[in-house]
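**Student:** Provided below: data20.cif, containing mmCIF, C-alpha atoms and all ligand atoms.
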```cif
data_my_file
#
loop_
_atom_site.label_atom_id
_atom_site.label_comp_id
_atom_site.auth_asym_id
_atom_site.auth_seq_id
_atom_site.Cartn_x
_atom_site.Cartn_y
_atom_site.Cartn_z
CA MET D 14 -49.78 1.36 -79.59
CA PRO D 15 -50.21 0.40 -83.18
CA GLY D 16 -53.40 -1.56 -83.39
CA THR D 17 -52.41 -4.33 -81.05
CA LYS D 18 -54.20 -5.58 -78.08
CA GLN D 19 -52.60 -4.36 -74.94
CA ILE D 20 -51.80 -7.34 -72.94
CA GLY D 21 -48.75 -7.95 -71.01
CA LEU D 22 -47.74 -5.64 -68.64
CA ASN D 23 -47.07 -3.30 -70.17
CA PRO D 24 -43.62 -3.86 -69.31
CA GLY D 25 -42.79 -1.38 -66.99
CA PHE D 26 -39.41 -0.03 -67.02
CA LEU D 27 -38.58 1.38 -63.70
CA VAL D 28 -37.97 5.08 -63.69
CA VAL D 29 -34.86 5.56 -61.67
CA ASN D 30 -33.10 8.73 -62.49
CA GLN D 31 -33.33 11.79 -64.62
CA VAL D 32 -32.18 10.10 -67.76
CA SER D 33 -34.65 7.27 -67.42
CA LEU D 34 -37.36 9.64 -66.38
CA MET D 35 -36.94 11.57 -69.57
CA ARG D 36 -37.16 8.57 -71.78
CA PRO D 37 -38.97 5.59 -70.36
CA VAL D 38 -40.22 3.06 -72.79
CA ARG D 39 -42.83 0.38 -72.77
CA LEU D 40 -43.30 -2.59 -74.99
CA ILE D 41 -46.36 -4.26 -76.25
CA VAL D 42 -46.86 -7.95 -75.69
CA LEU D 43 -48.37 -9.69 -78.66
CA GLY D 44 -49.08 -13.04 -77.16
CA VAL D 45 -50.59 -14.48 -74.08
CA ALA D 46 -48.22 -14.18 -71.23
CA LEU D 47 -46.17 -17.20 -70.57
CA LEU D 48 -47.72 -19.05 -67.72
CA LEU D 49 -44.96 -20.51 -65.65
CA GLY D 50 -47.17 -22.50 -63.41
CA ALA D 51 -49.34 -21.82 -60.44
CA VAL D 52 -47.85 -22.41 -57.06
CA ALA D 53 -49.21 -23.14 -53.67
CA ALA D 54 -50.27 -19.93 -52.03
CA ALA D 55 -49.06 -20.99 -48.62
CA PRO D 56 -46.55 -18.49 -47.39
CA CYS D 57 -43.03 -19.74 -47.13
CA SER D 58 -40.56 -18.48 -44.65
CA VAL D 59 -37.61 -16.57 -45.99
CA LYS D 60 -35.38 -19.30 -44.66
CA ALA D 61 -37.25 -21.96 -46.55
CA GLU D 62 -37.08 -19.87 -49.69
CA GLN D 63 -33.38 -19.34 -49.28
CA GLU D 64 -32.95 -23.04 -49.04
CA GLY D 65 -34.71 -23.46 -52.35
CA VAL D 66 -33.01 -25.55 -54.94
CA ARG D 67 -29.85 -24.08 -56.30
CA ALA D 68 -28.70 -25.64 -59.49
CA ARG D 69 -26.26 -24.97 -62.20
CA ALA D 70 -28.02 -24.73 -65.56
CA GLY D 71 -25.33 -25.32 -68.07
CA SER D 72 -22.60 -22.75 -67.74
CA ASP D 73 -24.75 -19.71 -68.43
CA TYR D 74 -26.83 -19.27 -65.32
CA THR D 75 -26.92 -20.11 -61.71
CA THR D 76 -30.53 -21.02 -61.03
CA TYR D 77 -32.43 -20.72 -57.78
CA THR D 78 -35.86 -22.28 -57.61
CA THR D 79 -38.41 -21.55 -54.94
CA PRO D 80 -42.17 -22.12 -54.95
CA ARG D 81 -42.90 -18.58 -56.08
CA PHE D 82 -39.83 -17.43 -57.90
CA THR D 83 -37.18 -18.73 -60.19
CA LEU D 84 -33.98 -16.74 -60.29
CA TYR D 85 -31.38 -16.89 -62.97
CA ILE D 86 -28.12 -15.15 -62.35
CA GLY D 87 -26.10 -14.91 -65.51
CA SER D 88 -22.54 -16.12 -65.18
CA ASP D 89 -21.35 -13.27 -67.31
CA SER D 90 -22.86 -10.90 -64.75
CA LYS D 91 -19.70 -11.30 -62.82
CA PRO D 92 -16.66 -11.31 -65.08
CA SER D 93 -14.22 -8.73 -63.78
CA GLU D 94 -15.78 -7.90 -60.45
CA PRO D 95 -17.01 -11.13 -58.97
CA ILE D 96 -20.51 -10.90 -57.59
CA ASN D 97 -21.59 -13.43 -55.07
CA ALA D 98 -24.59 -15.00 -56.79
CA ASP D 99 -25.78 -16.65 -53.58
CA GLU D 100 -25.86 -13.32 -51.79
CA VAL D 101 -27.68 -11.60 -54.63
CA ALA D 102 -30.20 -14.43 -54.74
CA GLU D 103 -30.73 -14.40 -51.01
CA GLN D 104 -31.19 -10.67 -50.93
CA SER D 105 -33.54 -10.66 -53.92
CA LEU D 106 -35.67 -13.46 -52.54
CA LYS D 107 -36.01 -11.70 -49.23
CA ILE D 108 -37.22 -8.56 -51.00
CA LEU D 109 -39.56 -10.45 -53.30
CA ASN D 110 -41.07 -12.54 -50.53
CA THR D 111 -41.61 -9.54 -48.30
CA THR D 112 -43.17 -7.68 -51.21
CA TYR D 113 -45.34 -10.69 -51.97
CA GLU D 114 -46.69 -10.71 -48.41
CA GLU D 115 -47.24 -6.97 -48.51
CA LEU D 116 -49.01 -7.00 -51.87
CA SER D 117 -51.15 -9.93 -50.77
CA ARG D 118 -52.39 -7.77 -47.91
CA ILE D 119 -52.82 -4.65 -50.03
CA PHE D 120 -54.63 -6.40 -52.88
CA ARG D 121 -56.36 -8.81 -50.48
CA THR D 122 -55.48 -11.73 -52.65
CA GLN D 123 -52.55 -14.05 -52.99
CA PRO D 124 -50.88 -13.96 -56.38
CA LYS D 125 -50.37 -17.48 -57.65
CA ARG D 126 -48.33 -17.11 -60.76
CA LYS D 127 -44.68 -17.96 -60.58
CA VAL D 128 -42.40 -15.12 -61.59
CA VAL D 129 -38.97 -15.42 -63.11
CA LEU D 130 -36.25 -13.01 -62.14
CA ARG D 131 -33.27 -12.82 -64.41
CA PHE D 132 -30.10 -10.97 -63.62
CA LEU D 133 -28.07 -10.37 -66.71
CA SER D 134 -24.89 -8.50 -67.38
CA PRO D 135 -25.68 -5.02 -68.66
CA THR D 136 -24.58 -6.06 -72.14
CA GLU D 137 -26.78 -9.15 -72.16
CA PHE D 138 -29.64 -7.12 -70.74
CA ARG D 139 -29.51 -4.69 -73.67
CA ARG D 140 -29.02 -7.50 -76.17
CA GLN D 141 -31.87 -9.67 -74.92
CA THR D 142 -34.42 -7.00 -74.04
CA GLY D 143 -33.58 -4.38 -76.61
CA ALA D 144 -33.93 -1.90 -73.81
CA PRO D 145 -32.10 1.37 -74.11
CA GLU D 146 -29.19 2.34 -71.89
CA TRP D 147 -31.25 4.24 -69.40
CA THR D 148 -33.59 1.50 -68.34
CA SER D 149 -32.75 -0.22 -65.11
CA ALA D 150 -35.21 -3.08 -65.00
CA MET D 151 -38.13 -4.45 -66.91
CA TYR D 152 -41.11 -6.74 -66.55
CA PHE D 153 -42.31 -8.68 -69.54
CA ARG D 154 -44.33 -11.87 -69.73
CA ASP D 155 -43.93 -12.97 -66.15
CA GLU D 156 -40.26 -12.18 -66.20
CA ILE D 157 -38.45 -9.46 -64.38
CA THR D 158 -35.09 -8.72 -65.93
CA ILE D 159 -32.47 -6.62 -64.24
CA PRO D 160 -28.99 -5.77 -65.46
CA LEU D 161 -26.67 -6.83 -62.70
CA THR D 162 -23.70 -4.70 -61.94
CA LYS D 163 -21.53 -4.62 -58.90
CA ALA D 164 -23.20 -1.35 -58.01
CA ASN D 165 -26.76 -2.64 -57.96
CA ALA D 166 -25.71 -5.92 -56.40
CA TRP D 167 -24.64 -3.99 -53.34
CA GLU D 168 -26.98 -1.04 -53.55
CA ARG D 169 -29.77 -2.57 -51.58
CA ASP D 170 -32.03 0.43 -51.87
CA GLU D 171 -31.94 0.45 -55.64
CA LEU D 172 -32.42 -3.30 -55.90
CA HIS D 173 -35.26 -3.04 -53.42
CA ARG D 174 -36.97 -0.35 -55.42
CA ALA D 175 -36.48 -2.07 -58.77
CA LEU D 176 -37.81 -5.40 -57.52
CA ARG D 177 -40.81 -3.88 -55.78
CA HIS D 178 -41.74 -1.80 -58.81
CA GLU D 179 -41.46 -4.68 -61.26
CA TYR D 180 -43.17 -7.17 -58.98
CA VAL D 181 -46.14 -4.81 -58.66
CA HIS D 182 -46.41 -4.98 -62.46
CA ALA D 183 -46.31 -8.79 -62.26
CA VAL D 184 -49.12 -8.89 -59.71
CA ILE D 185 -51.26 -6.38 -61.60
CA ALA D 186 -50.75 -8.38 -64.80
CA GLU D 187 -52.01 -11.49 -63.04
CA LEU D 188 -54.97 -9.83 -61.35
CA SER D 189 -56.15 -8.03 -64.48
CA ASP D 190 -55.16 -10.71 -66.97
CA TYR D 191 -52.84 -8.14 -68.56
CA ARG D 192 -55.60 -5.63 -69.17
CA CYS D 193 -54.70 -2.84 -66.77
CA PRO D 194 -54.26 0.54 -68.43
CA ALA D 195 -50.67 1.71 -68.35
CA TRP D 196 -51.37 4.82 -66.30
CA LEU D 197 -52.89 2.87 -63.40
CA ASP D 198 -50.27 0.16 -63.67
CA GLU D 199 -47.44 2.69 -63.47
CA GLY D 200 -49.29 4.70 -60.85
CA VAL D 201 -49.61 1.75 -58.46
CA ALA D 202 -46.03 0.60 -59.16
CA GLN D 203 -44.68 4.05 -58.35
CA LEU D 204 -46.85 4.37 -55.30
CA LEU D 205 -45.62 1.09 -53.86
CA GLU D 206 -41.99 1.05 -54.99
CA GLY D 207 -40.77 3.19 -52.11
CA GLN D 208 -39.64 6.75 -52.18
CA ILE D 209 -41.28 8.91 -54.81
CA ASN D 210 -38.96 10.04 -57.57
CA PRO D 211 -38.18 13.68 -56.76
CA LEU D 212 -38.36 14.66 -60.42
CA LEU D 213 -42.04 13.88 -60.78
CA GLY D 214 -43.31 16.90 -58.86
CA PRO D 215 -41.49 19.53 -60.92
CA ALA D 216 -42.43 17.72 -64.15
CA LEU D 217 -46.11 17.76 -63.28
CA ARG D 218 -46.04 21.41 -62.19
CA ARG D 219 -44.47 22.40 -65.47
CA TRP D 220 -47.05 20.39 -67.36
CA VAL D 221 -50.19 21.64 -65.70
CA GLY D 222 -48.93 25.20 -65.81
CA LEU D 223 -49.42 25.04 -69.57
CA ASN D 224 -51.72 22.12 -70.33
CA PRO D 225 -54.78 20.27 -69.18
CA ALA D 226 -54.38 16.70 -67.96
CA ILE D 227 -52.96 14.34 -70.56
CA PRO D 228 -55.93 12.35 -71.93
CA LEU D 229 -55.95 8.95 -70.23
CA GLU D 230 -56.51 7.45 -73.64
CA TRP D 231 -52.95 8.44 -74.51
CA LEU D 232 -51.71 6.65 -71.41
CA GLN D 233 -53.70 3.50 -71.97
CA ASN D 234 -51.27 1.29 -73.80
CA GLY D 235 -47.87 2.53 -72.92
CA PHE D 236 -45.70 5.56 -73.03
CA THR D 237 -43.43 4.80 -75.96
CA THR D 238 -45.63 6.44 -78.49
CA LEU D 239 -45.68 9.67 -76.56
CA GLU D 240 -43.35 12.42 -77.49
CA SER D 241 -40.49 12.43 -75.05
CA ALA D 242 -41.55 15.84 -73.75
CA TYR D 243 -44.73 14.27 -72.38
CA VAL D 244 -43.10 11.35 -70.68
CA PRO D 245 -42.08 12.73 -67.26
CA ALA D 246 -45.51 14.30 -66.93
CA ALA D 247 -47.08 11.01 -68.01
CA TYR D 248 -45.45 9.16 -65.13
CA ALA D 249 -46.27 11.97 -62.73
CA GLN D 250 -49.90 12.23 -63.80
CA SER D 251 -50.23 8.45 -63.59
CA LEU D 252 -49.12 8.61 -59.99
CA PHE D 253 -51.36 11.57 -59.22
CA ALA D 254 -54.44 10.02 -60.78
CA THR D 255 -53.88 6.67 -59.09
CA ARG D 256 -53.31 8.25 -55.71
CA LYS D 257 -56.46 10.33 -56.13
CA LEU D 258 -58.61 7.29 -56.84
CA ILE D 259 -57.17 5.39 -53.90
CA GLN D 260 -57.64 8.35 -51.56
CA GLN D 261 -61.25 8.66 -52.61
CA HIS D 262 -62.30 5.03 -52.81
CA GLY D 263 -59.67 2.96 -51.03
CA PHE D 264 -57.30 0.44 -52.48
CA GLN D 265 -60.08 -2.11 -52.68
CA SER D 266 -61.54 -0.12 -55.58
CA VAL D 267 -58.37 -0.78 -57.57
CA THR D 268 -58.58 -4.47 -56.79
CA ASN D 269 -62.22 -4.53 -57.87
CA TYR D 270 -61.36 -2.72 -61.07
CA LEU D 271 -58.59 -5.21 -61.91
CA ALA D 272 -60.94 -8.11 -61.16
CA ASP D 273 -63.55 -6.65 -63.52
CA LEU D 274 -60.95 -6.27 -66.25
CA ARG D 275 -59.89 -9.85 -65.71
CA LYS D 276 -63.48 -10.98 -66.14
CA GLY D 277 -63.64 -9.15 -69.45
CA VAL D 278 -65.77 -6.20 -68.37
CA VAL D 279 -65.30 -3.33 -70.81
CA GLU D 280 -62.72 -0.94 -69.39
CA ARG D 281 -64.93 2.16 -69.22
CA LYS D 282 -67.65 0.21 -67.53
CA ALA D 283 -65.19 -1.33 -65.08
CA PHE D 284 -63.91 2.17 -64.30
CA GLU D 285 -67.37 3.51 -63.61
CA ARG D 286 -68.32 0.54 -61.44
CA SER D 287 -65.19 0.79 -59.31
CA PHE D 288 -64.64 4.54 -59.15
CA TYR D 289 -68.24 5.76 -59.27
CA ARG D 290 -68.14 8.19 -62.15
CA PRO D 291 -67.58 8.11 -65.88
CA LYS D 292 -63.94 8.20 -66.87
CA ALA D 293 -64.48 11.44 -68.82
CA GLN D 294 -65.63 13.11 -65.64
CA PHE D 295 -62.56 11.86 -63.79
CA GLU D 296 -60.35 13.34 -66.51
CA ARG D 297 -61.97 16.75 -66.10
CA GLU D 298 -61.51 16.51 -62.35
CA LEU D 299 -57.87 15.60 -62.87
CA THR D 300 -57.05 18.86 -64.63
CA ARG D 301 -58.67 20.83 -61.83
CA GLU D 302 -57.11 18.77 -59.05
CA MET D 303 -53.63 18.80 -60.55
CA ARG D 304 -53.75 22.59 -60.90
CA ARG D 305 -54.90 22.92 -57.33
CA TRP D 306 -52.03 20.65 -56.28
CA ALA D 307 -49.56 22.67 -58.37
CA ALA D 308 -50.55 25.83 -56.49
CA SER D 309 -50.00 24.12 -53.14
CA ARG D 310 -46.76 23.40 -51.32
CA GLU D 311 -47.08 19.66 -51.83
CA VAL D 312 -43.86 18.22 -53.19
CA ASN D 313 -44.98 14.91 -54.70
CA PRO D 314 -47.83 14.26 -57.12
ZN ZN D 401 -43.16 0.53 -64.43
#
```
Please re-express this file's structure in structure tokens.

**Tutor:**
Amino acid sequence: MPGTKQIGLNPGFLVVNQVSLMRPVRLIVLGVALLLGAVAAAPCSVKAEQEGVRARAGSDYTTYTTPRFTLYIGSDSKPSEPINADEVAEQSLKILNTTYEELSRIFRTQPKRKVVLRFLSPTEFRRQTGAPEWTSAMYFRDEITIPLTKANAWERDELHRALRHEYVHAVIAELSDYRCPAWLDEGVAQLLEGQINPLLGPALRRWVGLNPAIPLEWLQNGFTTLESAYVPAAYAQSLFATRKLIQQHGFQSVTNYLADLRKGVVERKAFERSFYRPKAQFERELTREMRRWAASREVNP
């Protein structure tokens, strides 16, 4: 990205379908992420969370406040086809709290930062985020924003996947102080979001049939500056590379790496300390490993 420090997640737009896969976008965050306040790490039951404060903030949003999450459900999310905001909130909080517990176990740490979840009408979503049509969710500065339609209000699987993916970005942003390279950030998010996007495998096979691994340097700050032809392979390689590191060194190595980044350890040094070889060597291995994978019957990167 153009000469700016990569902080902020790296807003991750969730890759959901072919259109989004072809043209994901990432933004750069120019400021320190908005800290919304640390919360007690004590786990709360889903019931307690559901009973969190529900308030009406002006006429624009219905607000739900819990110790870990604040939800805003835009009133204009439900003009023609009424959406039950309480149900959406309840469902979302269940997913987020379950994901919180799961990520706490996986990362062996309890995220403390409060995350905002905003449901906006698709029109408001585009207007406020500037996100193109094909994006289905985004994370930016401790806020997850999702365009709410009747379809995704009731499509639990899609909501589940979007929330998990974006919340992984939120946790990685906290643990790394917004310094995680985009490829690892997207790799972990894709690994943990649920089912692997079926388009990634073919995209990576096509790529490695003709090219070496995409230099990780290109995937450091975000995917928007890549030519669109690289983008599906960029997501796929991110997943492949992340999975490879976790298979070889365990998830703890990722947590260690993020902790080093948070402490300000130079990225290459943090990589070498956590994954036991220079990054350049890992990149050479990647080309070899991805080609080996492409010749196998494995479906997913
Ligand atoms: Zn993402």

**Student:** Looking at D:Tyr180, D:Trp306, D:Phe264, D:Phe132, which one is nearest to ligand ZN 401 (chain D), with distances taken over all atoms listed in the file?

**Tutor:**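 Checking each of D:Tyr180, D:Trp306, D:Phe264, D:Phe132 against ligand ZN 401 (chain D), counting all atoms listed in the file, the winner is D:Tyr180.
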
**Student:** Write out as a ChimeraX atom specification the residues lying within 6 Å of stretch 187-198 of chain D, counting only C-alpha atoms and excluding same-chain residues fewer than 2 positions away.

**Tutor:** /D:20-22,184-185,200-201,232-235,251,255,271-272,274-275

**Student:** Smallest atom-to-atom distance to D:Pro215: which of D:Thr122, D:Gln203, D:Ser105, D:Gln250, using all atoms listed in the file?

**Tutor:** D:Gln250

**Student:** Rounded to one decimal in Å, what is the spacing between atom CA of D:Asn313 and atom CA of D:Gly214?

**Tutor:**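 Result for atom CA of D:Asn313 versus atom CA of D:Gly214: 4.9 Å, one decimal.
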
**Student:** Report, in Å to a single decimal, how far apart atom CA of D:Ser241 and atom CA of D:Ala307 are.

**Tutor:**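 Value for the atom CA of D:Ala307-atom CA of D:Ser241 distance: 21.6 Å.
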
**Student:** Which one of D:Pro135, D:Gly143, D:Pro80, D:Pro245 sits closest to D:Leu161 if you count all atoms listed in the file?

**Tutor:**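 Smallest separation from D:Leu161 among the options: D:Pro135.
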